[in-house]
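Note sheet for the following structure.
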Amino acid sequence: MKKEVSIYHLRQSDFMLKKIFTTTILRITLGFSVLFLGAGCDQRPDDLSGKREGLAAYNVIWDSPGKDYNGSMPVGNGDIGLNVWVEENGDICFYIGKTDSWGDNGRLLKVGEVRVKCTPAIVFPGAGFKQELDLKTGTIRISSAGKVGGKDVDLDLQLWVDANHPVIHLTYECSVPLSMTANIELWRTEPYSLPRLESSDLLEDRSKPGSLHEPVIVEPDHLIQTTKNYIGWYHYNKKSEGFDLNAKVQGLADFLTNDPLLHRTFGAIITGPDAQRLSDRSLKTAPKGSGRLNIYVLTRHPSRPGEWQKDIEQVAADIESIPFNDRKKAHIKWWSDFWGRSWIYATSAGGAANPEKDDAFIVSRAYTLQRFMDACAGRGRYPVKFNGSIFTVPIEGTPGDADYRRWGPGYWWQNTRLPYLSMCASGDYDLMQPLFKMYAGEIYPLCKKRTRKYFGFEGAYFPECMYFWGSVFTAVYGWTPYEEREDPLQESRWHKWEWISGLELVHMMLDYYDYTLDKEFFRDKILPVANDVLRFFDNYYKIDSSGRLVMHPSQALETWWDCTNPMPEIAGLHSILKRLAALPENLTTGSERDFWNGLISKLPELPLRETPSGVALAPAERFEDKQNVENPELYAVFPFRLIGVGNPNIEWGKNALEHRWDKGHFGWRQDDIFMAYLGLTEQAKNGLVSRAKNYDKTKRFPAFWGPNYDWTPDQDHGGVLMKAFQSMLLQADPYSKKIYLAPAWPKEWDVDFKLHAPYNTIIEGTIKSGKVEALKVTPSSRKGDVIIGY
């Protein structure tokens, strides 16, 4: 399949923003009206006050207990996450997940499960039951009220994971004395052999039964034997299965010398004021009107069990030395500050009598709940796992109980990035740190080493599929040792020449810099990684007679396997180089600018093709052998934003969208985002509503998406939803200072919002019936950069 390529020149519209005066009605082509109040874009002080109080509308409330873990709701502190449910007998149960609880075979395991039996039971005949996820405080509230023996009984419990410390608290305030018995429920009790392996498991070998290169044994957990008044358990990696072999096969053993799995220990201990240890697995609190259980959770690497036990006892002592009420206030403040950063609260114009049937409300709730789950799992040691995060539960027919996740333990960049795309606009910069730390900090040196060893030149390429220490998935690379190969690259054709990861990483880091103006991050992280990624492309590919790079062999994502000049890489190079070249000279050196400008002169134009509707973006200059269902041609629209609202040739993007090969509004599909960046309001709205209603119906929690292409809860599904919703409302042009407000916002949706924009800018306002009724831009010097509609 050969396609013609049209000439494309990167250029920007050169137009001046009109100055907006106070109390002036401005009508824009989309039919929006805007009323700017007060000085410049500032509103009256009471216009936007208290808007975040609308958060309570999105609390998830259940009026009956569940049957099992499929009726669980999430809560967490960024590193420790719980799946919480109350069974029909009144037992409170929760799985504990953690971002760094890696087992000896490289799988991310649950820490464990706890069951708490209350006396009297939280569920009793005639009682009114309530379980509520209180978003404002990051707390699950469980209560029941009724009569027992003719007396009024009110039981109120709160379960939360301290936002600032590695401890889970289950507290209670009751009208009658209540005691709690905590039981440790282990399922990894004996060594057992996995019957099959998933894609990305360390010893996956697709040529053998069950994809098992050799037997993979899951080691048991251990109850703590102690005379002290607590109970606990731990999982200890006394061995490491596959790390050394993986590194050796890929020729990286001389660099990967510190095994990240061996001697990793994780687990928890349970304590309580006035609690009594009953056995190695049970602990009971004294009957009182108020009290609490504490579950301290810890991972140490490297650490042996005895060392780990001393460490967790010290962690518990250090936390307990801080008054409980002070810690609870700090926990509530963290969540208050988090929700105060940003919000999008939308309803159908005029309000809906039944919010549960209001599409705008449903999308807003989906957005808010997904952001909550990001906060519950996004501040740990490693990035969010796209295939279930730390909220997986058992699925019938799969091995490993709650430890199982389809696609296994590895990180695919195209999946991993999606939960992070919305975080700059929401102001959640802290949640982005694990992604940057792993890719731009810990994996980056290995990427440089691998490039030098495999190709003999300087630079860095980031493979699509890597473990958290940076080597390629074993089965993807193949089992033939590096020394016996002519081609050092991976054997799998799914992403052999898919090298968009490094370019997208740099693009996301440039966004982070634009939003925060963090010069240290720019100097220490962005510049080194950007220059090495660019050097790789400059060194790996040759130029033709016209002096342009010819990117072959190459592929367009996992979809088109035989390409020349694929759109994702070409658009990524154009975007990154344009942004770097535009930086102030005091941030860069002359030699860097010379290198960038030299590479710009070598870049091919964006690939185009003819369609019945006219010229359209193409997957590549030449593209053949279609194997998957992505839309690489639209990467010029997003993530790289070269084509779209406010930019020339938007029709190329619209035509590409219309004639795309594959369509959908679920999982990692990004159609909703493309539509928003092309200003296609109705299409974006319809796709987003479909996505927001598409959760896993075997689960009770309305934001447990999936499994879709991956696993439940599908973090790619939620990540795309968040970015699309934001982009309908606010888009920041990375090549100028322009901010587009409501470029794809439905006039029939009212909204209160607060979002972030580049240059430490905050946009806060209210839109009703297509009119911007209040708008505040901070700092006010940025108000002239705001364009209503497009």
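Residues are referred to by chain and number: the chain letter is A, B, ... according to the order shown in the structure tokens, the number counts from 1 in that chain, and ligands are numbered separately from 1 in the order shown.
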Review point. Near region 274-291 of chain A, counting only C-alpha atoms, which residues have an atom at most 10 Å away, once you skip same-chain residues fewer than 4 positions from it, shown as an MDAnalysis selection string?
Key: chainID A and resid 114:120 155:157 170:186 223:233 270
Check your understanding: Within 9 Å of Ile362 (chain A), counting only C-alpha atoms, which residues qualify if same-chain residues fewer than 3 places away don't, as JSON, numbers by chain?
Key -> {"A": [346, 347, 355, 356, 357, 358, 359, 365, 366, 367, 689, 692, 693]}
Keeping N, CA and C atoms for every residue in the selection just given, could you write it to a file as a compact mmCIF listing (two decimals), in the first residue's frame?
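Result went into out_22.txt, see below:
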```txt
# COMPACT_ATOMS: atom_id res chain seq x y z
N ALA A 346 -20.14 19.25 36.18
CA ALA A 346 -21.06 19.57 35.09
C ALA A 346 -22.43 18.93 35.32
N THR A 347 -23.47 19.63 34.89
CA THR A 347 -24.83 19.11 34.88
C THR A 347 -25.51 19.59 33.60
N PRO A 355 -30.12 13.15 38.90
CA PRO A 355 -28.72 13.20 38.46
C PRO A 355 -28.21 11.88 37.89
N GLU A 356 -28.73 10.76 38.40
CA GLU A 356 -28.25 9.47 37.93
C GLU A 356 -28.58 9.23 36.46
N LYS A 357 -29.51 10.01 35.91
CA LYS A 357 -29.86 9.89 34.50
C LYS A 357 -29.34 11.07 33.67
N ASP A 358 -28.59 11.95 34.32
CA ASP A 358 -28.05 13.14 33.65
C ASP A 358 -26.66 12.81 33.10
N ASP A 359 -26.52 12.82 31.78
CA ASP A 359 -25.25 12.44 31.16
C ASP A 359 -24.09 13.31 31.65
N ARG A 365 -19.05 12.65 37.47
CA ARG A 365 -18.78 11.68 38.54
C ARG A 365 -17.68 10.72 38.12
N ALA A 366 -17.72 10.25 36.88
CA ALA A 366 -16.68 9.34 36.40
C ALA A 366 -15.30 10.01 36.47
N TYR A 367 -15.25 11.26 36.05
CA TYR A 367 -13.99 12.03 36.10
C TYR A 367 -13.49 12.14 37.54
N VAL A 689 -19.76 10.22 26.98
CA VAL A 689 -20.89 9.68 27.73
C VAL A 689 -20.89 8.16 27.64
N ALA A 692 -18.19 6.88 29.96
CA ALA A 692 -18.48 7.05 31.39
C ALA A 692 -19.48 6.01 31.90
N LYS A 693 -20.33 5.53 31.02
CA LYS A 693 -21.32 4.53 31.42
C LYS A 693 -20.80 3.10 31.30
```
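Among the candidates A:Gly251, A:Asn294, A:Tyr382, A:Thr257, the residue lying nearest to Arg485 (chain A) is A:Gly251 (atoms considered: only C-alpha atoms).
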Practice item. From a DSSP pass on the backbone, collect the residues of region 458-656 of chain A flagged as strand (DSSP E) and hand them back as a PyMOL selection string. Key: chain A and resi 465-466+542-543+549-550+554-556+560-566+608-611+614-617+620-626
Take the residues from that selection and put them in a file with N, CA, C and O atoms, as a compact mmCIF listing (two decimals), in the first residue's frame.
```txt
# COMPACT_ATOMS: atom_id res chain seq x y z
N CYS A 465 8.10 -1.97 25.75
CA CYS A 465 7.76 -2.92 26.81
C CYS A 465 8.94 -3.16 27.73
O CYS A 465 9.94 -3.78 27.32
N MET A 466 8.83 -2.70 28.97
CA MET A 466 9.94 -2.85 29.91
C MET A 466 9.42 -3.22 31.30
O MET A 466 8.30 -2.89 31.68
N LYS A 542 19.34 7.04 8.39
CA LYS A 542 20.17 7.74 7.40
C LYS A 542 19.33 8.80 6.69
O LYS A 542 18.12 8.83 6.80
N ILE A 543 20.01 9.63 5.92
CA ILE A 543 19.31 10.66 5.16
C ILE A 543 19.31 10.29 3.68
O ILE A 543 20.15 9.53 3.20
N LEU A 549 15.73 12.64 6.76
CA LEU A 549 15.78 11.32 7.38
C LEU A 549 14.81 10.38 6.68
O LEU A 549 13.69 10.77 6.32
N VAL A 550 15.26 9.16 6.50
CA VAL A 550 14.39 8.10 5.99
C VAL A 550 14.24 7.09 7.12
O VAL A 550 15.15 6.30 7.39
N SER A 554 10.68 0.78 10.24
CA SER A 554 9.91 1.43 11.30
C SER A 554 8.51 0.87 11.28
O SER A 554 8.14 0.11 10.37
N GLN A 555 7.72 1.26 12.26
CA GLN A 555 6.33 0.85 12.31
C GLN A 555 5.52 1.96 12.96
O GLN A 555 6.07 2.81 13.68
N ALA A 556 4.22 1.98 12.71
CA ALA A 556 3.32 2.97 13.30
C ALA A 556 2.56 2.30 14.44
O ALA A 556 1.59 1.56 14.22
N TRP A 560 0.58 -0.75 12.16
CA TRP A 560 1.17 -0.93 10.83
C TRP A 560 2.63 -1.34 11.02
O TRP A 560 3.44 -0.58 11.52
N TRP A 561 2.95 -2.56 10.61
CA TRP A 561 4.24 -3.15 10.94
C TRP A 561 5.34 -2.85 9.92
O TRP A 561 6.51 -3.06 10.21
N ASP A 562 5.00 -2.41 8.78
CA ASP A 562 6.01 -2.15 7.74
C ASP A 562 5.80 -0.73 7.23
O ASP A 562 4.91 -0.48 6.41
N CYS A 563 6.62 0.18 7.71
CA CYS A 563 6.41 1.60 7.42
C CYS A 563 7.70 2.30 7.01
O CYS A 563 8.80 1.84 7.31
N THR A 564 7.52 3.41 6.36
CA THR A 564 8.57 4.41 6.18
C THR A 564 8.02 5.72 6.71
O THR A 564 6.90 6.12 6.37
N ASN A 565 8.76 6.37 7.58
CA ASN A 565 8.40 7.65 8.16
C ASN A 565 7.02 7.61 8.84
O ASN A 565 6.05 8.23 8.38
N PRO A 566 6.91 6.88 9.95
CA PRO A 566 5.63 6.74 10.65
C PRO A 566 5.21 8.05 11.32
O PRO A 566 6.04 8.80 11.84
N LEU A 608 0.76 12.41 4.69
CA LEU A 608 -0.63 12.66 4.35
C LEU A 608 -1.11 11.64 3.33
O LEU A 608 -0.33 10.99 2.66
N ARG A 609 -2.43 11.52 3.21
CA ARG A 609 -3.02 10.66 2.20
C ARG A 609 -4.31 11.30 1.69
O ARG A 609 -4.85 12.21 2.32
N GLU A 610 -4.76 10.82 0.56
CA GLU A 610 -6.02 11.30 0.00
C GLU A 610 -7.17 10.41 0.48
O GLU A 610 -7.05 9.20 0.55
N THR A 611 -8.29 11.07 0.81
CA THR A 611 -9.51 10.35 1.20
C THR A 611 -10.67 10.95 0.40
O THR A 611 -10.52 12.01 -0.21
N GLY A 614 -11.00 14.49 1.22
CA GLY A 614 -9.88 15.38 0.98
C GLY A 614 -8.61 14.87 1.65
O GLY A 614 -8.52 13.72 2.08
N VAL A 615 -7.63 15.75 1.74
CA VAL A 615 -6.34 15.39 2.30
C VAL A 615 -6.49 15.06 3.79
O VAL A 615 -7.21 15.75 4.51
N ALA A 616 -5.82 14.01 4.22
CA ALA A 616 -5.91 13.57 5.62
C ALA A 616 -4.55 13.14 6.13
O ALA A 616 -3.67 12.75 5.35
N LEU A 617 -4.37 13.23 7.44
CA LEU A 617 -3.17 12.68 8.07
C LEU A 617 -3.10 11.19 7.80
O LEU A 617 -4.11 10.49 7.79
N ALA A 620 1.69 6.76 8.00
CA ALA A 620 3.10 6.84 7.64
C ALA A 620 3.16 7.27 6.18
O ALA A 620 2.15 7.29 5.47
N GLU A 621 4.34 7.60 5.72
CA GLU A 621 4.52 7.88 4.30
C GLU A 621 4.19 6.65 3.47
O GLU A 621 3.52 6.71 2.45
N ARG A 622 4.65 5.51 3.95
CA ARG A 622 4.30 4.21 3.37
C ARG A 622 3.93 3.30 4.52
O ARG A 622 4.65 3.22 5.51
N PHE A 623 2.79 2.63 4.41
CA PHE A 623 2.34 1.80 5.53
C PHE A 623 1.67 0.54 5.00
O PHE A 623 0.82 0.58 4.12
N GLU A 624 2.10 -0.60 5.55
CA GLU A 624 1.58 -1.90 5.15
C GLU A 624 1.53 -2.83 6.36
O GLU A 624 2.10 -2.53 7.41
N ASP A 625 0.87 -3.96 6.19
CA ASP A 625 0.82 -5.04 7.19
C ASP A 625 0.14 -4.58 8.48
O ASP A 625 0.75 -4.44 9.53
N LYS A 626 -1.18 -4.41 8.42
CA LYS A 626 -1.96 -3.95 9.57
C LYS A 626 -2.22 -5.11 10.52
O LYS A 626 -2.74 -6.14 10.14
```
**Study point:** Test item: residues at most 9 Å from Leu435 (chain A), only C-alpha atoms, excluding those fewer than 6 positions along its chain, as a PyMOL selection string
**Key:** chain A and resi 382-384+416-417+420
Exercise for review: Would you kindly return, as a list of chain:residue names, each protein, DNA or RNA residue with an atom no farther than 7 Å from any atom of region 86-98 of chain A, considering only C-alpha atoms and excluding same-chain residues fewer than 4 positions away?
Suggested key: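 Near neighbours after the sequence-gap exclusion: A:Pro65, A:Gly66, A:Lys67, A:Asp68, A:Asp79, A:Ile80, A:Gly81, A:Leu82, A:Lys110, A:Val111, A:Gly112, A:Glu113, A:Val114, A:Arg115, A:Val116, A:Lys117, A:Cys118, A:Ala121, A:Ile122, A:Val123, A:Ile390, A:Phe391.
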Review point. For Tyr444 (chain A), which residue out of A:Trp499, A:Phe462, A:Phe468, A:Phe386 is the nearest one, using only C-alpha atoms?
Key: A:Phe462
Point to revise | Contacts of Leu135 (chain A) within 8 Å, only C-alpha atoms, excl. fewer than 5 positions in-chain, as number ranges by chain | key: A: 55-56, 58-59, 372
Practice item. Name the residues in contact with Leu599 (chain A) at a cut-off of 12 Å, using only C-alpha atoms, excluding same-chain residues fewer than 4 positions from it; report them as a list of chain:residue names. Key: A:Asn531, A:Leu534, A:Arg535, A:Phe536, A:Phe537, A:Asp538, A:Asn539, A:Tyr541, A:Lys542, A:Ile543, A:Gly547, A:Arg548, A:Leu549, A:Ile570, A:Leu573, A:His574, A:Ile576, A:Leu577, A:Lys578, A:Leu580, A:Ala581, A:Glu592, A:Arg593, A:Asp594, A:Phe595, A:Leu603, A:Pro604
Restricting it to N, CA, C and O atoms, dump the selection as a JSON list (two decimals), in the first residue's frame.
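Generated file (part-v6.json):
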```json
[["chain", "number", "residue", "atom", "x", "y", "z"],
["A", 531, "ASN", "N", 17.91, 15.24, 24.66],
["A", 531, "ASN", "CA", 19.05, 15.22, 23.74],
["A", 531, "ASN", "C", 19.46, 13.81, 23.37],
["A", 531, "ASN", "O", 19.79, 13.53, 22.21],
["A", 534, "LEU", "N", 16.83, 12.34, 20.93],
["A", 534, "LEU", "CA", 17.01, 12.92, 19.60],
["A", 534, "LEU", "C", 18.27, 12.38, 18.93],
["A", 534, "LEU", "O", 18.28, 12.12, 17.72],
["A", 535, "ARG", "N", 19.34, 12.19, 19.70],
["A", 535, "ARG", "CA", 20.57, 11.63, 19.13],
["A", 535, "ARG", "C", 20.32, 10.23, 18.58],
["A", 535, "ARG", "O", 20.90, 9.85, 17.55],
["A", 536, "PHE", "N", 19.49, 9.47, 19.27],
["A", 536, "PHE", "CA", 19.21, 8.12, 18.78],
["A", 536, "PHE", "C", 18.62, 8.18, 17.37],
["A", 536, "PHE", "O", 19.09, 7.47, 16.46],
["A", 537, "PHE", "N", 17.61, 8.99, 17.15],
["A", 537, "PHE", "CA", 16.99, 9.06, 15.83],
["A", 537, "PHE", "C", 17.97, 9.60, 14.80],
["A", 537, "PHE", "O", 18.01, 9.13, 13.66],
["A", 538, "ASP", "N", 18.76, 10.56, 15.20],
["A", 538, "ASP", "CA", 19.74, 11.15, 14.27],
["A", 538, "ASP", "C", 20.80, 10.14, 13.87],
["A", 538, "ASP", "O", 21.27, 10.13, 12.73],
["A", 539, "ASN", "N", 21.18, 9.27, 14.80],
["A", 539, "ASN", "CA", 22.23, 8.29, 14.53],
["A", 539, "ASN", "C", 21.71, 7.01, 13.89],
["A", 539, "ASN", "O", 22.41, 6.37, 13.09],
["A", 541, "TYR", "N", 18.93, 6.46, 11.91],
["A", 541, "TYR", "CA", 18.40, 6.55, 10.55],
["A", 541, "TYR", "C", 19.30, 7.40, 9.66],
["A", 541, "TYR", "O", 19.92, 8.37, 10.11],
["A", 542, "LYS", "N", 19.34, 7.04, 8.39],
["A", 542, "LYS", "CA", 20.17, 7.74, 7.40],
["A", 542, "LYS", "C", 19.33, 8.80, 6.69],
["A", 542, "LYS", "O", 18.12, 8.83, 6.80],
["A", 543, "ILE", "N", 20.01, 9.63, 5.92],
["A", 543, "ILE", "CA", 19.31, 10.66, 5.16],
["A", 543, "ILE", "C", 19.31, 10.29, 3.68],
["A", 543, "ILE", "O", 20.15, 9.53, 3.20],
["A", 547, "GLY", "N", 18.68, 15.18, 1.87],
["A", 547, "GLY", "CA", 19.11, 15.50, 3.22],
["A", 547, "GLY", "C", 18.07, 15.24, 4.30],
["A", 547, "GLY", "O", 18.25, 15.65, 5.45],
["A", 548, "ARG", "N", 16.98, 14.51, 3.96],
["A", 548, "ARG", "CA", 15.92, 14.22, 4.92],
["A", 548, "ARG", "C", 16.09, 12.81, 5.48],
["A", 548, "ARG", "O", 16.49, 11.89, 4.76],
["A", 549, "LEU", "N", 15.73, 12.64, 6.76],
["A", 549, "LEU", "CA", 15.78, 11.32, 7.38],
["A", 549, "LEU", "C", 14.81, 10.38, 6.68],
["A", 549, "LEU", "O", 13.69, 10.77, 6.32],
["A", 570, "ILE", "N", 7.43, 10.90, 13.51],
["A", 570, "ILE", "CA", 7.66, 12.14, 12.76],
["A", 570, "ILE", "C", 7.00, 13.31, 13.48],
["A", 570, "ILE", "O", 7.61, 14.38, 13.68],
["A", 573, "LEU", "N", 8.97, 14.15, 16.70],
["A", 573, "LEU", "CA", 10.22, 14.88, 16.45],
["A", 573, "LEU", "C", 9.92, 16.34, 16.11],
["A", 573, "LEU", "O", 10.59, 17.25, 16.61],
["A", 574, "HIS", "N", 8.94, 16.58, 15.24],
["A", 574, "HIS", "CA", 8.57, 17.96, 14.92],
["A", 574, "HIS", "C", 8.18, 18.71, 16.18],
["A", 574, "HIS", "O", 8.63, 19.85, 16.40],
["A", 576, "ILE", "N", 8.73, 18.11, 19.52],
["A", 576, "ILE", "CA", 9.76, 18.31, 20.54],
["A", 576, "ILE", "C", 10.80, 19.33, 20.08],
["A", 576, "ILE", "O", 11.19, 20.23, 20.83],
["A", 577, "LEU", "N", 11.24, 19.21, 18.84],
["A", 577, "LEU", "CA", 12.26, 20.13, 18.34],
["A", 577, "LEU", "C", 11.72, 21.55, 18.26],
["A", 577, "LEU", "O", 12.44, 22.52, 18.56],
["A", 578, "LYS", "N", 10.47, 21.70, 17.86],
["A", 578, "LYS", "CA", 9.88, 23.03, 17.81],
["A", 578, "LYS", "C", 9.82, 23.65, 19.20],
["A", 578, "LYS", "O", 10.12, 24.84, 19.38],
["A", 580, "LEU", "N", 11.68, 22.80, 21.90],
["A", 580, "LEU", "CA", 13.03, 23.06, 22.42],
["A", 580, "LEU", "C", 13.65, 24.29, 21.78],
["A", 580, "LEU", "O", 14.27, 25.12, 22.46],
["A", 581, "ALA", "N", 13.50, 24.42, 20.48],
["A", 581, "ALA", "CA", 14.11, 25.54, 19.77],
["A", 581, "ALA", "C", 13.51, 26.88, 20.19],
["A", 581, "ALA", "O", 14.16, 27.92, 20.04],
["A", 592, "GLU", "N", 23.60, 22.97, 21.76],
["A", 592, "GLU", "CA", 22.30, 22.28, 21.76],
["A", 592, "GLU", "C", 21.38, 22.86, 20.69],
["A", 592, "GLU", "O", 20.74, 22.12, 19.92],
["A", 593, "ARG", "N", 21.33, 24.18, 20.61],
["A", 593, "ARG", "CA", 20.45, 24.80, 19.61],
["A", 593, "ARG", "C", 20.91, 24.48, 18.19],
["A", 593, "ARG", "O", 20.08, 24.24, 17.30],
["A", 594, "ASP", "N", 22.20, 24.41, 17.99],
["A", 594, "ASP", "CA", 22.72, 24.04, 16.67],
["A", 594, "ASP", "C", 22.30, 22.60, 16.31],
["A", 594, "ASP", "O", 21.92, 22.31, 15.17],
["A", 595, "PHE", "N", 22.40, 21.71, 17.30],
["A", 595, "PHE", "CA", 22.00, 20.32, 17.08],
["A", 595, "PHE", "C", 20.52, 20.24, 16.74],
["A", 595, "PHE", "O", 20.12, 19.56, 15.79],
["A", 603, "LEU", "N", 14.12, 16.74, 9.01],
["A", 603, "LEU", "CA", 12.87, 16.05, 9.27],
["A", 603, "LEU", "C", 11.99, 15.95, 8.02],
["A", 603, "LEU", "O", 11.80, 16.94, 7.31],
["A", 604, "PRO", "N", 11.41, 14.79, 7.79],
["A", 604, "PRO", "CA", 10.38, 14.67, 6.74],
["A", 604, "PRO", "C", 9.12, 15.41, 7.17],
["A", 604, "PRO", "O", 8.91, 15.67, 8.36]]
```
**Study point:** Which of region 322-421 of chain A fall in helix (DSSP H, G or I), as a count of residues only
**Key:** 50
Check your understanding: Leu431 (chain A): which residues within 9 Å, counting only C-alpha atoms, same-chain residues fewer than 4 positions away excluded, as a PyMOL selection string?
Key -> chain A and resi 78+374-375+377-380+383+420+423+435
Review point. When you draw a straight line from CA of Ser575 (chain A) to CA of Thr588 (chain A), how long is it in Å?
Key: 17.3 Å
Review point. By how many Å are CA of Leu197 (chain A) and CA of Gly408 (chain A) apart?
Key: 8.0 Å
Exercise for review: Go through A:Glu491, A:Glu483, A:Glu630, A:Glu682 one by one, measure the shortest atom-to-atom distance of each to Trp745 (chain A) using only C-alpha atoms, and give the residue with the smallest value.
Suggested key: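 So, comparing all the options, the nearest one is A:Glu682.
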Check your understanding: For Arg381 (chain A), which residue out of A:Tyr709, A:Phe436, A:Tyr515, A:Tyr404 is the nearest one, using only C-alpha atoms?
Key -> A:Phe436
